[in-house]
file upload-v1.txt (compact mmCIF, C-alpha atoms)
# COMPACT_ATOMS: atom_id res chain seq x y z
CA MET A 1446 15.00 0.92 -24.55
CA ASN A 1447 18.35 1.88 -23.09
CA HIS A 1448 19.37 -0.57 -20.37
CA ASP A 1449 22.54 1.19 -19.23
CA LEU A 1450 22.58 2.68 -15.76
CA GLU A 1451 23.14 6.40 -15.29
CA PRO A 1452 23.52 6.91 -11.52
CA SER A 1453 24.28 10.62 -11.94
CA GLN A 1454 20.73 11.08 -13.31
CA TRP A 1455 18.81 8.95 -10.78
CA LEU A 1456 17.82 11.71 -8.39
CA LYS A 1457 16.71 14.02 -11.19
CA ARG A 1458 14.85 11.33 -13.16
CA TYR A 1459 13.39 9.15 -10.42
CA GLY A 1460 13.75 10.93 -7.07
CA ASP A 1461 10.24 12.41 -6.97
CA TYR A 1462 8.63 9.23 -8.26
CA LEU A 1463 10.43 6.99 -5.74
CA TYR A 1464 9.65 9.42 -2.94
CA SER A 1465 5.94 9.47 -3.88
CA LEU A 1466 5.81 5.67 -3.80
CA ALA A 1467 7.68 5.51 -0.52
CA PHE A 1468 5.53 8.19 1.10
CA LEU A 1469 2.33 6.49 -0.01
CA LYS A 1470 3.49 3.19 1.47
CA LEU A 1471 5.07 4.57 4.63
CA ASN A 1472 3.04 7.71 5.37
CA ASN A 1473 6.05 9.39 6.92
CA LYS A 1474 8.06 12.10 5.15
CA GLU A 1475 11.37 11.49 6.92
CA VAL A 1476 11.21 7.70 6.63
CA ALA A 1477 10.27 7.96 2.94
CA GLU A 1478 13.25 10.25 2.32
CA ASP A 1479 15.57 7.87 4.17
CA ILE A 1480 14.28 4.85 2.24
CA VAL A 1481 14.83 6.63 -1.10
CA GLN A 1482 18.38 7.51 -0.05
CA GLU A 1483 18.98 3.89 1.01
CA THR A 1484 17.61 2.78 -2.35
CA PHE A 1485 20.11 4.93 -4.25
CA VAL A 1486 22.99 3.79 -2.03
CA SER A 1487 22.06 0.12 -2.46
CA ALA A 1488 21.67 0.57 -6.20
CA LEU A 1489 25.12 2.17 -6.44
CA LYS A 1490 26.62 -0.74 -4.52
CA ALA A 1491 24.79 -3.26 -6.70
CA LYS A 1492 25.16 -1.54 -10.08
CA ASP A 1493 27.55 -4.21 -11.37
CA SER A 1494 24.88 -6.84 -10.77
CA PHE A 1495 22.27 -5.00 -12.89
CA ARG A 1496 21.36 -7.53 -15.58
CA LYS A 1497 19.75 -5.12 -18.04
CA GLU A 1498 16.56 -7.20 -18.11
CA SER A 1499 14.49 -4.21 -17.08
CA SER A 1500 14.70 -0.43 -17.18
CA GLU A 1501 16.75 1.32 -14.56
CA LYS A 1502 13.51 2.83 -13.18
CA THR A 1503 11.97 -0.63 -12.75
CA TRP A 1504 15.17 -1.85 -11.10
CA LEU A 1505 15.21 1.11 -8.68
CA VAL A 1506 11.52 0.60 -7.82
CA SER A 1507 12.28 -3.05 -7.06
CA ILE A 1508 15.09 -2.04 -4.71
CA LEU A 1509 12.81 0.57 -3.09
CA ASN A 1510 10.07 -2.02 -2.54
CA ASN A 1511 12.55 -4.38 -0.88
CA LYS A 1512 13.71 -1.54 1.38
CA ILE A 1513 10.10 -0.83 2.36
CA ILE A 1514 9.47 -4.51 3.13
CA ASP A 1515 12.64 -4.53 5.25
CA HIS A 1516 11.40 -1.40 7.03
CA TYR A 1517 8.07 -3.04 7.90
CA ARG A 1518 9.86 -6.21 9.03
CA LYS A 1519 12.16 -4.23 11.32
CA LYS A 1520 9.22 -2.31 12.78
CA ASP A 1521 7.41 -5.61 13.14
CA VAL A 1522 4.16 -3.88 12.19
CA LEU A 1523 2.39 -7.20 11.75
CA LYS A 1524 3.65 -8.71 14.99
CA ASN A 1525 0.76 -10.27 16.85
CA ALA A 1526 -1.54 -9.97 13.82
CA ASP A 1527 -3.60 -12.87 15.20
CA SER A 1528 -4.37 -11.08 18.46
CA TYR A 1529 -5.01 -7.77 16.74
CA LEU A 1530 -7.49 -9.35 14.33
CA SER A 1531 -9.22 -11.25 17.12
CA GLU A 1532 -9.40 -8.23 19.43
CA THR A 1533 -10.85 -5.96 16.76
CA GLU A 1534 -13.19 -8.44 15.05
CA SER A 1535 -16.37 -7.55 16.94
CA SER A 1536 -15.94 -3.76 16.72
CA PHE A 1537 -15.02 -3.96 13.04
CA SER A 1538 -17.93 -6.24 12.17
CA ALA A 1539 -20.42 -4.26 14.29
CA HIS A 1540 -19.56 -1.10 12.36
CA PHE A 1541 -20.36 -2.60 8.94
CA PHE A 1542 -22.44 -5.77 9.35
CA ASP A 1543 -25.67 -6.87 11.07
CA PRO A 1544 -24.59 -9.34 13.79
CA ALA A 1545 -27.73 -11.47 13.36
CA THR A 1546 -27.51 -11.93 9.59
CA GLY A 1547 -23.96 -10.98 8.62
CA HIS A 1548 -25.39 -8.70 5.92
CA TRP A 1549 -24.35 -5.09 5.38
CA LEU A 1550 -25.93 -2.51 7.65
CA ALA A 1551 -28.27 -0.21 5.71
CA ASP A 1552 -26.02 2.85 5.95
CA THR A 1553 -22.70 1.05 5.35
CA GLY A 1554 -23.46 -1.22 2.41
CA PRO A 1555 -21.86 -0.62 -0.97
CA VAL A 1556 -23.61 1.84 -3.25
CA SER A 1557 -23.28 2.16 -7.01
CA TRP A 1558 -20.65 4.60 -8.12
CA THR A 1559 -22.28 6.55 -10.89
CA GLU A 1560 -21.05 7.54 -14.31
CA GLN A 1561 -20.93 11.08 -12.97
CA ALA A 1562 -18.43 10.00 -10.31
CA ASP A 1563 -16.17 8.63 -13.05
CA LYS A 1564 -16.30 11.98 -14.83
CA LYS A 1565 -15.36 13.80 -11.61
CA VAL A 1566 -12.08 11.99 -11.28
CA ASP A 1567 -9.25 14.44 -11.15
CA ARG A 1568 -6.12 12.35 -10.70
CA ASN A 1569 -4.25 14.55 -8.27
CA GLU A 1570 -7.28 15.11 -6.07
CA PHE A 1571 -8.21 11.43 -6.18
CA TYR A 1572 -4.69 10.38 -5.17
CA ARG A 1573 -4.79 12.88 -2.32
CA ILE A 1574 -8.02 11.26 -1.09
CA LEU A 1575 -6.56 7.78 -1.64
CA ARG A 1576 -3.52 8.71 0.48
CA TYR A 1577 -5.87 10.12 3.13
CA CYS A 1578 -7.81 6.83 3.17
CA VAL A 1579 -4.59 4.82 3.50
CA GLU A 1580 -3.51 7.10 6.37
CA LYS A 1581 -6.85 6.49 8.14
CA MET A 1582 -6.48 2.72 7.83
CA PRO A 1583 -5.13 0.88 10.90
CA SER A 1584 -1.36 0.50 10.53
CA LYS A 1585 -1.49 -3.30 10.67
CA LEU A 1586 -3.59 -3.35 7.49
CA VAL A 1587 -1.54 -0.90 5.39
CA PRO A 1588 1.47 -2.99 4.29
CA VAL A 1589 -0.73 -5.88 3.18
CA PHE A 1590 -3.20 -3.58 1.39
CA LEU A 1591 -0.45 -1.74 -0.46
CA ALA A 1592 1.39 -4.91 -1.43
CA LYS A 1593 -1.82 -6.36 -2.84
CA PHE A 1594 -3.33 -3.36 -4.58
CA LEU A 1595 -0.42 -1.05 -5.33
CA GLU A 1596 2.30 -3.60 -6.03
CA GLU A 1597 -0.16 -6.25 -7.23
CA ASP A 1598 1.84 -8.96 -5.45
CA ASP A 1599 0.21 -12.34 -5.07
CA SER A 1600 -0.96 -13.57 -1.68
CA GLU A 1601 1.82 -16.15 -1.32
CA LYS A 1602 4.54 -13.53 -1.82
CA ILE A 1603 2.84 -11.10 0.56
CA CYS A 1604 2.51 -13.75 3.29
CA LYS A 1605 6.17 -14.71 2.86
CA ASP A 1606 7.50 -11.13 2.70
CA LEU A 1607 5.43 -9.88 5.63
CA LYS A 1608 5.56 -13.13 7.61
CA ILE A 1609 1.82 -13.57 8.08
CA THR A 1610 -0.44 -16.60 7.74
CA PRO A 1611 -2.75 -16.99 4.75
CA SER A 1612 -5.81 -16.75 7.00
CA ASN A 1613 -4.55 -13.46 8.49
CA TYR A 1614 -3.83 -12.24 4.97
CA TRP A 1615 -7.43 -12.80 3.87
CA VAL A 1616 -8.90 -11.16 6.99
CA ILE A 1617 -6.60 -8.16 6.58
CA ILE A 1618 -7.43 -7.81 2.86
CA HIS A 1619 -11.16 -8.06 3.58
CA ARG A 1620 -11.02 -5.39 6.29
CA ALA A 1621 -8.78 -3.12 4.25
CA LYS A 1622 -11.09 -3.31 1.22
CA VAL A 1623 -14.19 -2.59 3.33
CA LEU A 1624 -12.48 0.38 5.00
CA MET A 1625 -11.08 1.71 1.71
CA ARG A 1626 -14.46 1.46 -0.02
CA SER A 1627 -16.17 3.22 2.86
CA CYS A 1628 -13.57 5.98 2.99
CA LEU A 1629 -13.58 6.55 -0.79
CA GLU A 1630 -17.37 6.71 -0.84
CA LYS A 1631 -17.49 9.25 1.98
CA ASN A 1632 -14.62 11.38 0.75
CA TRP A 1633 -14.74 11.09 -3.02
CA PHE A 1634 -17.61 9.37 -4.79
CA LEU A 1635 -20.54 10.49 -2.66
CA ARG A 1636 -19.43 13.94 -1.61
call {"tool": "encode", "arguments": {"input": "upload-v1.txt", "output": "structure tokens"}}
result
Amino acid sequence: MNHDLEPSQWLKRYGDYLYSLAFLKLNNKEVAEDIVQETFVSALKAKDSFRKESSEKTWLVSILNNKIIDHYRKKDVLKNADSYLSETESSFSAHFFDPATGHWLADTGPVSWTEQADKKVDRNEFYRILRYCVEKMPSKLVPVFLAKFLEEDDSEKICKDLKITPSNYWVIIHRAKVLMRSCLEKNWFLR
């Protein structure tokens, strides 16, 4: 693996990939474009500190992810997460769970995804539906969901990066998973 940087090739080699990641995480074309540009500028400024321990693509993705975290911090998307979670608890729960028992409502409980559904998977179409489901998710849930399931960051890192408490993290992850499952079932697996 070649570990030398080739800044003149970055846009051609990684521009579309970085933009796709940024757009998925930010759901805004202009902001995604700006973040990718900032990534390239930061990488150019920091190229002498590249330690050749990873590929240049991995290094650029890492810079991009840090830029996205900074973006969410500046927007303060998770500000007042406690109040948001408290205020929306009853409406969220009432939509999916029986208030008396805490069990799934009959029409919202998980269903088995069949073998046939696996065969239907067309990557581009699935990713379009996945993006749609992320777009439909409340904005306060998105950065945590993406950090956990796209970046595969651990909960401690996510709490630190996004400045949220562990208890808020677990509530957000639970809600995001329930909403994502519901959306994927309605728009992909059960259609």
call {"tool": "closest_residue", "arguments": {"input": "upload-v1.txt", "among": "A:Lys1474, A:Arg1458, A:Lys1502, A:Arg1518", "to": "Lys1608 in chain A", "atoms": "only C-alpha atoms"}}
result
A:Arg1518
call {"tool": "atom_distance", "arguments": {"input": "upload-v1.txt", "atom1": "CA of Trp1455 in chain A", "atom2": "CA of Ile1508 in chain A"}}
result
13.1 Å
call {"tool": "closest_residue", "arguments": {"input": "upload-v1.txt", "among": "A:Trp1633, A:Phe1594, A:Tyr1464, A:Trp1504", "to": "Tyr1577 in chain A", "atoms": "all atoms listed in the file"}}
result
A:Trp1633
call {"tool": "closest_residue", "arguments": {"input": "upload-v1.txt", "among": "A:Ser1557, A:Glu1534, A:Val1476, A:Lys1470", "to": "Ser1584 in chain A", "atoms": "only C-alpha atoms"}}
result
A:Lys1470
call {"tool": "residues_around", "arguments": {"input": "upload-v1.txt", "residues": "Asn1525 in chain A", "least_positions_apart": "6", "cutoff": "12 Å", "atoms": "all atoms listed in the file", "output": "number ranges by chain"}}
result
A: 1531-1532, 1585, 1608-1610, 1613
call {"tool": "decode", "arguments": {"input": "upload-v1.txt", "residues": "range 1489-1521 of chain A", "atoms": "N, CA and C atoms", "output": "short mmCIF file (atom, residue, chain, number, x, y, z; two decimals), in the first residue's frame"}}
result
data_model
loop_
_atom_site.label_atom_id
_atom_site.label_comp_id
_atom_site.auth_asym_id
_atom_site.auth_seq_id
_atom_site.Cartn_x
_atom_site.Cartn_y
_atom_site.Cartn_z
N LEU A 1489 -4.46 19.66 3.37
CA LEU A 1489 -3.29 20.33 2.77
C LEU A 1489 -2.44 20.99 3.83
N LYS A 1490 -3.10 21.67 4.78
CA LYS A 1490 -2.36 22.34 5.85
C LYS A 1490 -1.64 21.34 6.75
N ALA A 1491 -2.22 20.16 6.90
CA ALA A 1491 -1.67 19.17 7.83
C ALA A 1491 -0.87 18.06 7.15
N LYS A 1492 -0.61 18.20 5.86
CA LYS A 1492 0.02 17.09 5.12
C LYS A 1492 1.38 16.69 5.69
N ASP A 1493 2.11 17.63 6.28
CA ASP A 1493 3.41 17.29 6.86
C ASP A 1493 3.27 16.45 8.13
N SER A 1494 2.09 16.46 8.72
CA SER A 1494 1.89 15.67 9.93
C SER A 1494 1.31 14.28 9.63
N PHE A 1495 1.07 13.97 8.35
CA PHE A 1495 0.58 12.65 7.97
C PHE A 1495 1.65 11.61 8.30
N ARG A 1496 1.27 10.64 9.14
CA ARG A 1496 2.26 9.68 9.66
C ARG A 1496 2.36 8.40 8.86
N LYS A 1497 1.64 8.29 7.79
CA LYS A 1497 1.71 7.12 6.90
C LYS A 1497 1.31 5.82 7.60
N GLU A 1498 0.49 5.93 8.64
CA GLU A 1498 0.01 4.74 9.35
C GLU A 1498 -1.28 4.23 8.75
N SER A 1499 -1.85 4.99 7.84
CA SER A 1499 -3.09 4.61 7.18
C SER A 1499 -3.01 5.06 5.73
N SER A 1500 -4.01 4.70 4.96
CA SER A 1500 -4.06 5.18 3.57
C SER A 1500 -4.47 6.65 3.57
N GLU A 1501 -4.21 7.31 2.48
CA GLU A 1501 -4.60 8.72 2.40
C GLU A 1501 -6.12 8.84 2.44
N LYS A 1502 -6.85 7.88 1.89
CA LYS A 1502 -8.32 7.89 1.93
C LYS A 1502 -8.80 7.82 3.38
N THR A 1503 -8.24 6.90 4.15
CA THR A 1503 -8.62 6.75 5.56
C THR A 1503 -8.33 8.04 6.32
N TRP A 1504 -7.19 8.63 6.05
CA TRP A 1504 -6.79 9.88 6.70
C TRP A 1504 -7.77 11.00 6.35
N LEU A 1505 -8.15 11.11 5.07
CA LEU A 1505 -9.10 12.15 4.65
C LEU A 1505 -10.48 11.91 5.28
N VAL A 1506 -10.91 10.66 5.36
CA VAL A 1506 -12.21 10.36 5.98
C VAL A 1506 -12.18 10.76 7.46
N SER A 1507 -11.06 10.53 8.11
CA SER A 1507 -10.93 10.91 9.52
C SER A 1507 -11.05 12.44 9.68
N ILE A 1508 -10.40 13.17 8.81
CA ILE A 1508 -10.50 14.63 8.84
C ILE A 1508 -11.94 15.06 8.57
N LEU A 1509 -12.57 14.44 7.57
CA LEU A 1509 -13.97 14.75 7.25
C LEU A 1509 -14.86 14.51 8.47
N ASN A 1510 -14.70 13.36 9.12
CA ASN A 1510 -15.52 13.05 10.29
C ASN A 1510 -15.34 14.09 11.40
N ASN A 1511 -14.11 14.53 11.61
CA ASN A 1511 -13.87 15.57 12.62
C ASN A 1511 -14.55 16.88 12.22
N LYS A 1512 -14.53 17.19 10.95
CA LYS A 1512 -15.21 18.41 10.46
C LYS A 1512 -16.72 18.31 10.69
N ILE A 1513 -17.28 17.13 10.47
CA ILE A 1513 -18.72 16.93 10.67
C ILE A 1513 -19.07 17.05 12.16
N ILE A 1514 -18.25 16.46 13.01
CA ILE A 1514 -18.47 16.60 14.46
C ILE A 1514 -18.41 18.07 14.86
N ASP A 1515 -17.41 18.79 14.34
CA ASP A 1515 -17.32 20.23 14.63
C ASP A 1515 -18.56 20.97 14.14
N HIS A 1516 -19.06 20.59 12.98
CA HIS A 1516 -20.27 21.22 12.43
C HIS A 1516 -21.44 21.02 13.39
N TYR A 1517 -21.64 19.79 13.84
CA TYR A 1517 -22.75 19.51 14.77
C TYR A 1517 -22.55 20.24 16.09
N ARG A 1518 -21.32 20.34 16.55
CA ARG A 1518 -21.06 21.08 17.80
C ARG A 1518 -21.42 22.55 17.63
N LYS A 1519 -21.00 23.14 16.52
CA LYS A 1519 -21.29 24.55 16.28
C LYS A 1519 -22.79 24.81 16.17
N LYS A 1520 -23.50 23.89 15.52
CA LYS A 1520 -24.95 24.04 15.39
C LYS A 1520 -25.64 23.73 16.70
N ASP A 1521 -24.93 23.07 17.58
CA ASP A 1521 -25.47 22.69 18.89
C ASP A 1521 -26.75 21.90 18.74
#
